[in-house]
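> For reference, this is entry_32.txt, and it has compact mmCIF, C-alpha atoms.
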# COMPACT_ATOMS: atom_id res chain seq x y z
CA MET X 1 -55.13 -24.65 -33.41
CA ALA X 2 -56.05 -21.12 -32.37
CA SER X 3 -54.68 -21.75 -28.87
CA MET X 4 -51.44 -23.13 -30.34
CA ARG X 5 -51.01 -20.00 -32.45
CA ILE X 6 -51.49 -17.80 -29.37
CA LEU X 7 -48.82 -19.76 -27.47
CA VAL X 8 -46.39 -19.50 -30.37
CA ILE X 9 -46.95 -15.75 -30.61
CA LYS X 10 -46.39 -15.35 -26.86
CA TYR X 11 -43.15 -17.34 -26.83
CA THR X 12 -41.75 -15.63 -29.91
CA HIS X 13 -42.53 -12.28 -28.33
CA LEU X 14 -40.29 -13.16 -25.37
CA PHE X 15 -37.24 -13.68 -27.58
CA ILE X 16 -37.63 -10.63 -29.82
CA VAL X 17 -34.56 -8.37 -29.54
CA LYS X 18 -35.13 -4.76 -30.42
CA PRO X 19 -32.56 -3.28 -32.79
CA SER X 20 -30.27 -0.94 -30.93
CA CYS X 21 -28.43 2.06 -32.15
CA SER X 22 -25.04 1.33 -33.66
CA CYS X 23 -23.47 4.20 -31.71
CA ARG X 24 -23.73 2.18 -28.48
CA PHE X 25 -21.24 -0.37 -29.78
CA LYS X 26 -18.65 1.92 -31.29
CA ASN X 27 -16.54 2.49 -28.15
CA THR X 28 -16.64 -1.04 -26.75
CA SER X 29 -13.29 -2.38 -25.60
CA HIS X 30 -11.94 -4.88 -23.11
CA ALA X 31 -10.31 -2.17 -20.97
CA ARG X 32 -12.60 -0.91 -18.22
CA ASN X 33 -11.76 2.45 -16.72
CA TYR X 34 -13.73 2.74 -13.50
CA SER X 35 -11.84 5.84 -12.35
CA VAL X 36 -13.03 9.36 -13.09
CA PHE X 37 -9.51 10.26 -14.20
CA PRO X 38 -7.78 8.72 -17.23
CA PRO X 39 -4.70 6.55 -16.70
CA THR X 40 -2.42 9.41 -17.77
CA TYR X 41 -3.05 11.14 -14.43
CA VAL X 42 -0.49 10.37 -11.70
CA LYS X 43 -1.13 9.97 -7.99
CA SER X 44 -0.68 12.98 -5.78
CA ILE X 45 2.26 13.13 -3.36
CA TYR X 46 0.96 14.65 -0.14
CA ASP X 47 3.69 13.55 2.27
CA LYS X 48 6.22 16.29 3.01
CA ASN X 49 9.10 13.86 3.53
CA THR X 50 8.47 12.25 0.15
CA GLN X 51 8.29 15.67 -1.48
CA GLN X 52 11.61 16.66 0.04
CA GLU X 53 13.24 13.42 -1.16
CA LEU X 54 11.95 13.99 -4.70
CA GLU X 55 13.11 17.58 -4.64
CA ALA X 56 16.58 16.56 -3.49
CA SER X 57 16.87 13.94 -6.23
CA GLY X 58 15.49 16.31 -8.90
CA GLU X 59 12.51 14.08 -9.76
CA LEU X 60 10.00 16.66 -8.55
CA LYS X 61 10.47 18.72 -11.74
CA GLU X 62 8.99 15.86 -13.76
CA TYR X 63 5.68 16.27 -11.91
CA SER X 64 5.38 19.98 -12.69
CA HIS X 65 3.88 19.40 -16.17
CA LEU X 66 1.95 16.20 -15.49
CA PRO X 67 -1.78 16.00 -14.68
CA ILE X 68 -2.14 14.96 -11.05
CA LYS X 69 -5.09 13.36 -9.30
CA PRO X 70 -6.49 15.19 -6.27
CA ALA X 71 -5.71 13.74 -2.86
CA PHE X 72 -8.30 11.81 -0.90
CA THR X 73 -10.06 13.36 2.06
CA ASN X 74 -8.04 11.29 4.55
CA GLN X 75 -4.71 12.28 2.97
CA THR X 76 -3.09 15.36 4.41
CA SER X 77 0.39 16.83 4.73
CA SER X 78 -0.06 17.42 8.45
CA GLU X 79 2.63 16.08 10.76
CA PHE X 80 -0.08 14.32 12.77
CA HIS X 81 -1.20 12.24 9.78
CA ASP X 82 -0.17 8.60 10.03
CA PRO X 83 -1.59 5.95 7.65
CA LEU X 84 -0.94 3.18 10.19
CA VAL X 85 -2.92 4.99 12.90
CA ASN X 86 -5.77 5.60 10.44
CA LYS X 87 -5.78 1.92 9.58
CA LEU X 88 -5.99 1.01 13.27
CA ILE X 89 -8.90 3.43 13.71
CA ASN X 90 -10.70 1.78 10.79
CA TYR X 91 -10.18 -1.67 12.33
CA LEU X 92 -11.64 -0.48 15.64
CA THR X 93 -14.67 1.18 14.01
CA LYS X 94 -17.93 -0.61 14.74
CA GLU X 95 -21.36 0.26 13.31
CA GLY X 96 -19.89 3.33 11.62
CA ASN X 97 -18.97 4.98 14.94
CA LYS X 98 -15.55 6.29 13.95
CA ASP X 99 -15.46 8.95 16.68
CA ARG X 100 -15.52 6.23 19.32
CA ALA X 101 -12.69 4.35 17.59
CA ARG X 102 -10.63 7.54 17.38
CA MET X 103 -11.25 8.16 21.09
CA LEU X 104 -10.04 4.63 21.92
CA VAL X 105 -6.81 5.14 19.98
CA GLU X 106 -6.20 8.53 21.62
CA ARG X 107 -6.77 7.09 25.11
CA THR X 108 -4.47 4.17 24.27
CA PHE X 109 -1.70 6.54 23.20
CA GLU X 110 -2.18 8.57 26.40
CA ASN X 111 -1.79 5.45 28.52
CA ILE X 112 1.30 4.36 26.57
CA LYS X 113 2.85 7.78 27.07
CA ARG X 114 2.06 7.74 30.80
CA ILE X 115 3.44 4.21 31.30
CA GLN X 116 6.64 4.94 29.40
CA ILE X 117 7.26 8.26 31.19
CA GLU X 118 6.91 6.51 34.56
CA LYS X 119 9.47 3.94 33.45
CA TYR X 120 11.73 6.73 32.20
CA HIS X 121 11.75 8.55 35.54
CA LYS X 122 12.26 5.32 37.48
CA ALA X 123 15.28 4.35 35.38
CA SER X 124 18.50 4.82 37.34
CA THR X 125 21.04 5.13 34.53
CA SER X 126 21.10 7.20 31.37
CA GLU X 127 21.59 4.07 29.24
CA ALA X 128 18.37 2.58 30.57
CA LYS X 129 16.55 5.83 29.84
CA GLU X 130 17.75 5.83 26.24
CA GLN X 131 16.31 2.37 25.68
CA ILE X 132 12.81 3.49 26.73
CA GLU X 133 10.73 4.61 23.76
CA LEU X 134 8.34 7.48 24.54
CA ASN X 135 6.65 7.91 21.14
CA PRO X 136 3.39 5.89 20.98
CA ARG X 137 3.45 5.82 17.18
CA ILE X 138 6.85 4.15 17.10
CA ILE X 139 5.66 1.66 19.73
CA LEU X 140 2.60 0.87 17.58
CA GLN X 141 4.78 0.41 14.51
CA LYS X 142 7.20 -1.92 16.35
CA ALA X 143 4.30 -3.88 17.86
CA ILE X 144 2.74 -4.51 14.45
CA GLU X 145 6.11 -5.41 12.89
CA ASN X 146 6.86 -7.93 15.65
CA SER X 147 3.34 -9.40 15.51
CA THR X 148 3.21 -9.79 11.72
CA PRO X 149 3.38 -13.48 10.73
CA VAL X 150 5.00 -14.86 7.58
CA LEU X 151 3.11 -18.17 7.31
CA GLU X 152 -0.35 -19.46 8.13
CA LEU X 153 -2.15 -22.79 7.87
CA MET X 154 -4.64 -23.33 5.07
CA LYS X 155 -7.14 -26.19 4.99
CA ILE X 156 -6.70 -28.17 1.75
CA LYS X 157 -8.59 -31.34 0.86
CA LYS X 158 -6.63 -34.10 -0.84
CA GLY X 159 -7.92 -37.62 -1.46
CA GLY X 160 -10.98 -37.13 0.72
CA GLN X 161 -8.91 -35.98 3.69
CA SER X 162 -8.22 -32.45 4.97
CA TYR X 163 -4.68 -31.24 5.65
CA GLN X 164 -3.41 -28.12 7.37
CA VAL X 165 -0.89 -26.83 4.82
CA PRO X 166 1.56 -24.00 5.64
CA VAL X 167 1.16 -21.18 3.11
CA PRO X 168 3.14 -17.91 2.81
CA LEU X 169 1.19 -14.74 3.46
CA THR X 170 0.88 -11.58 1.43
CA ASP X 171 1.76 -8.28 3.08
CA LYS X 172 -1.89 -7.21 3.23
CA ARG X 173 -3.05 -10.45 4.85
CA ALA X 174 -0.14 -10.50 7.32
CA ASN X 175 -0.85 -6.91 8.36
CA PHE X 176 -4.52 -7.77 8.79
CA LEU X 177 -3.73 -10.70 11.08
CA ALA X 178 -1.26 -8.72 13.20
CA ILE X 179 -3.67 -5.85 13.91
CA ASN X 180 -6.57 -8.23 14.57
CA TRP X 181 -4.47 -10.29 17.00
CA LEU X 182 -3.49 -7.17 18.92
CA ILE X 183 -7.10 -5.97 19.16
CA ALA X 184 -8.30 -9.44 20.21
CA ALA X 185 -5.58 -9.62 22.87
CA GLY X 186 -6.76 -6.30 24.28
CA ASN X 187 -10.30 -7.69 24.53
CA GLU X 188 -9.33 -11.00 26.13
CA LYS X 189 -8.21 -9.67 29.51
CA GLU X 190 -10.33 -9.12 32.60
CA ASP X 191 -13.51 -7.07 32.23
CA THR X 192 -12.67 -4.79 35.17
CA ALA X 193 -10.16 -2.80 33.09
CA ARG X 194 -11.08 -0.70 30.10
CA PHE X 195 -10.07 -1.60 26.57
CA TYR X 196 -7.59 1.24 26.07
CA ASP X 197 -5.80 0.32 29.31
CA ARG X 198 -5.40 -3.32 28.26
CA PHE X 199 -4.58 -2.43 24.67
CA ALA X 200 -1.78 -0.08 25.78
CA TYR X 201 -0.02 -2.86 27.71
CA GLU X 202 -0.43 -5.27 24.79
CA LEU X 203 1.20 -2.82 22.38
CA ILE X 204 4.09 -2.19 24.77
CA ASP X 205 4.63 -5.93 25.28
CA ALA X 206 4.47 -6.64 21.53
CA SER X 207 6.97 -3.86 20.80
CA LYS X 208 9.42 -5.75 23.08
CA ASN X 209 8.69 -9.15 21.46
CA GLN X 210 6.69 -10.24 24.48
CA GLY X 211 3.05 -10.84 25.35
CA ARG X 212 0.30 -13.15 24.21
CA VAL X 213 0.31 -11.97 20.58
CA ILE X 214 3.97 -12.93 20.17
CA ARG X 215 3.26 -16.29 21.79
CA LYS X 216 0.36 -16.79 19.40
CA LYS X 217 2.60 -16.08 16.41
CA GLN X 218 5.26 -18.48 17.72
CA GLU X 219 2.61 -21.18 18.27
CA LEU X 220 1.48 -20.70 14.67
CA TYR X 221 5.07 -21.14 13.49
CA ARG X 222 5.39 -24.36 15.52
CA GLN X 223 2.25 -25.73 13.87
CA CYS X 224 3.57 -24.77 10.44
CA GLU X 225 6.85 -26.52 11.26
CA ALA X 226 4.99 -29.65 12.36
CA ASN X 227 2.95 -29.68 9.11
CA ARG X 228 5.77 -28.84 6.74
CA SER X 229 5.55 -32.33 5.21
CA TYR X 230 2.20 -31.26 3.68
CA ALA X 231 3.65 -28.15 2.03
CA HIS X 232 3.71 -29.82 -1.42
CA PHE X 233 -0.11 -30.05 -1.36
CA ARG X 234 -0.16 -26.32 -1.98
CA TRP X 235 0.74 -26.87 -5.67
CA THR X 236 -1.46 -29.92 -6.26
Transcribe the structure of this file into structure tokens.

Amino acid sequence: MASMRILVIKYTHLFIVKPSCSCRFKNTSHARNYSVFPPTYVKSIYDKNTQQELEASGELKEYSHLPIKPAFTNQTSSEFHDPLVNKLINYLTKEGNKDRARMLVERTFENIKRIQIEKYHKASTSEAKEQIELNPRIILQKAIENSTPVLELMKIKKGGQSYQVPVPLTDKRANFLAINWLIAAGNEKEDTARFYDRFAYELIDASKNQGRVIRKKQELYRQCEANRSYAHFRWT
């Protein structure tokens, strides 16, 4: 009996809940504010073009008396700031070595500029020269726009069997696939050339709706077209 009492005391001790202070439960609510700033604060507008548009429309006066959040460290009003280039640098970063990724992007832009200038000087007519784009940022933007898919295949099980069902993509997922395809295409070529040399040609080809990334996107569309009869499985 004494041993039974000891066991009962031990087990009851495990489930004892100490009374807590009532002040800890006064401010409980379902809304969770993880940000340092309250929701009344508005996002900062650091882009000069956006500021000029707001000033022209007269909406900039509304921000003069509102609390504004500070800009992030990677947000700047410099003309060299480009969110798409920063995203590409982040995709190329491995093991936290962001300096190496930035160097690869800079070398890629140098090669694009060199290739396009050579084409510009070799062009015989002024019309052909006007069609040659010399800005690497615009070439990168066109390459990502042309490589961005709209659909992808998702594996869905139905009745014990798997089906490849075409599913529409969100903008974030489509952008992710386009950049990853371009980087993978730059890595797939021969090992004798460096990555930034191969990547430059891939971006130029994709900006013209050519190259292996465009073929990969078209092949994905053909597979989605072949499996369109399974599209209704997406809602079941």
> May I ask which of the residues X:Ala56, X:Ile204, X:Ile138, X:Ala226 is the closest one to Lys119 of chain X, counting only C-alpha atoms?
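When distances to Lys119 of chain X are compared using only C-alpha atoms, the smallest one comes from X:Ile204.
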> Work out how far atom CA of Glu133 of chain X is from atom CA of Glu106 of chain X, in Å to one decimal.
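Result for atom CA of Glu106 of chain X versus atom CA of Glu133 of chain X: 17.5 Å, one decimal.
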> If we count all atoms listed in the file, what is near segment 187-197 of chain X at a cut-off of 12 Å, once residues fewer than 2 positions away on the same chain are taken out, given as an mmCIF file with C-alpha atoms, keeping the file's coordinate frame?

data_model
loop_
_atom_site.group_PDB
_atom_site.id
_atom_site.type_symbol
_atom_site.label_atom_id
_atom_site.label_comp_id
_atom_site.auth_asym_id
_atom_site.auth_seq_id
_atom_site.Cartn_x
_atom_site.Cartn_y
_atom_site.Cartn_z
ATOM 1 C CA LEU X 92 -11.640 -0.480 15.640
ATOM 2 C CA ARG X 100 -15.520 6.230 19.320
ATOM 3 C CA ALA X 101 -12.690 4.350 17.590
ATOM 4 C CA ARG X 102 -10.630 7.540 17.380
ATOM 5 C CA MET X 103 -11.250 8.160 21.090
ATOM 6 C CA LEU X 104 -10.040 4.630 21.920
ATOM 7 C CA VAL X 105 -6.810 5.140 19.980
ATOM 8 C CA GLU X 106 -6.200 8.530 21.620
ATOM 9 C CA ARG X 107 -6.770 7.090 25.110
ATOM 10 C CA THR X 108 -4.470 4.170 24.270
ATOM 11 C CA PHE X 109 -1.700 6.540 23.200
ATOM 12 C CA GLU X 110 -2.180 8.570 26.400
ATOM 13 C CA ASN X 111 -1.790 5.450 28.520
ATOM 14 C CA ILE X 112 1.300 4.360 26.570
ATOM 15 C CA LYS X 113 2.850 7.780 27.070
ATOM 16 C CA ARG X 114 2.060 7.740 30.800
ATOM 17 C CA ILE X 115 3.440 4.210 31.300
ATOM 18 C CA ASN X 180 -6.570 -8.230 14.570
ATOM 19 C CA TRP X 181 -4.470 -10.290 17.000
ATOM 20 C CA LEU X 182 -3.490 -7.170 18.920
ATOM 21 C CA ILE X 183 -7.100 -5.970 19.160
ATOM 22 C CA ALA X 184 -8.300 -9.440 20.210
ATOM 23 C CA ALA X 185 -5.580 -9.620 22.870
ATOM 24 C CA PHE X 199 -4.580 -2.430 24.670
ATOM 25 C CA ALA X 200 -1.780 -0.080 25.780
ATOM 26 C CA TYR X 201 -0.020 -2.860 27.710
ATOM 27 C CA GLU X 202 -0.430 -5.270 24.790
ATOM 28 C CA LEU X 203 1.200 -2.820 22.380
ATOM 29 C CA ILE X 204 4.090 -2.190 24.770
ATOM 30 C CA ARG X 212 0.300 -13.150 24.210
ATOM 31 C CA VAL X 213 0.310 -11.970 20.580
#
> Go through X:Gln161, X:Asn209, X:Gln218, X:Ser229 and flag the residue nearest Ile139 of chain X, using all atoms listed in the file for the distances.
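Looking only at the distances to Ile139 of chain X, the closest residue turns out to be X:Asn209.
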> Of the candidates X:Lys48, X:Arg222, X:Lys87, X:Lys217, which shows the shortest atom-to-atom distance to Leu177 of chain X, using only C-alpha atoms?
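Looking only at the distances to Leu177 of chain X, the closest residue turns out to be X:Lys217.
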> Find the residues around segment 62-70 of chain X up to 6 Å (all atoms listed in the file counted), leave out those fewer than 2 positions away in its own chain, and share them as a count of residues only.
6
> Within 12 Å of (-6.1, -29.1, 0.7) (file coordinates; all atoms listed in the file), which protein or nucleic acid residues are there? I'd like them as a VMD selection string.
chain X and resid 153 to 167 230 to 236
> Measure the distance from atom CA of Pro136 of chain X to atom CA of Gln116 of chain X in Å and round it to one decimal.
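Going from atom CA of Pro136 of chain X over to atom CA of Gln116 of chain X covers 9.1 Å.
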> For atom CA of Gln223 of chain X and atom CA of Thr148 of chain X, quote the distance in Å rounded to one decimal.
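The value is 16.1 Å.
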> Considering all atoms listed in the file, state which residue in the set X:Ile117, X:Leu151, X:Val85, X:Ala128 is at the smallest distance from Ile179 of chain X.
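Answer, going by the shortest atom-to-atom distance: X:Val85.
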> If you count all atoms listed in the file, which residues fall within 10 Å of Pro149 of chain X, apart from same-chain ones fewer than 6 positions away, as a ChimeraX atom specification?
/X:168-171,173-178,214,216-218,220-221
> Taking all atoms listed in the file into account, name the residue in X:Thr40, X:Tyr46, X:Glu53, X:Glu152 that is nearest to Ser78 of chain X.
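Closest to Ser78 of chain X of all the choices is X:Tyr46.
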> List every protein, DNA or RNA residue with an atom no more than 8 Å from (14.5, 3.3, 30.9) in the file's coordinates, counting all atoms listed in the file, and format the result as an MDAnalysis selection string.
chainID X and resid 119:132
> Keeping only C-alpha atoms, write the selected residues as an mmCIF file, in the coordinates of the input.

data_model
loop_
_atom_site.group_PDB
_atom_site.id
_atom_site.type_symbol
_atom_site.label_atom_id
_atom_site.label_comp_id
_atom_site.auth_asym_id
_atom_site.auth_seq_id
_atom_site.Cartn_x
_atom_site.Cartn_y
_atom_site.Cartn_z
ATOM 1 C CA LYS X 119 9.470 3.940 33.450
ATOM 2 C CA TYR X 120 11.730 6.730 32.200
ATOM 3 C CA HIS X 121 11.750 8.550 35.540
ATOM 4 C CA LYS X 122 12.260 5.320 37.480
ATOM 5 C CA ALA X 123 15.280 4.350 35.380
ATOM 6 C CA SER X 124 18.500 4.820 37.340
ATOM 7 C CA THR X 125 21.040 5.130 34.530
ATOM 8 C CA SER X 126 21.100 7.200 31.370
ATOM 9 C CA GLU X 127 21.590 4.070 29.240
ATOM 10 C CA ALA X 128 18.370 2.580 30.570
ATOM 11 C CA LYS X 129 16.550 5.830 29.840
ATOM 12 C CA GLU X 130 17.750 5.830 26.240
ATOM 13 C CA GLN X 131 16.310 2.370 25.680
ATOM 14 C CA ILE X 132 12.810 3.490 26.730
#
> Would you list the contacts of Ser207 of chain X as a PyMOL selection string, taking every protein, DNA or RNA residue within 8 Å and counting only C-alpha atoms, but skipping same-chain residues closer than 3 positions in sequence?
chain X and resi 139-144+146+203-204+210
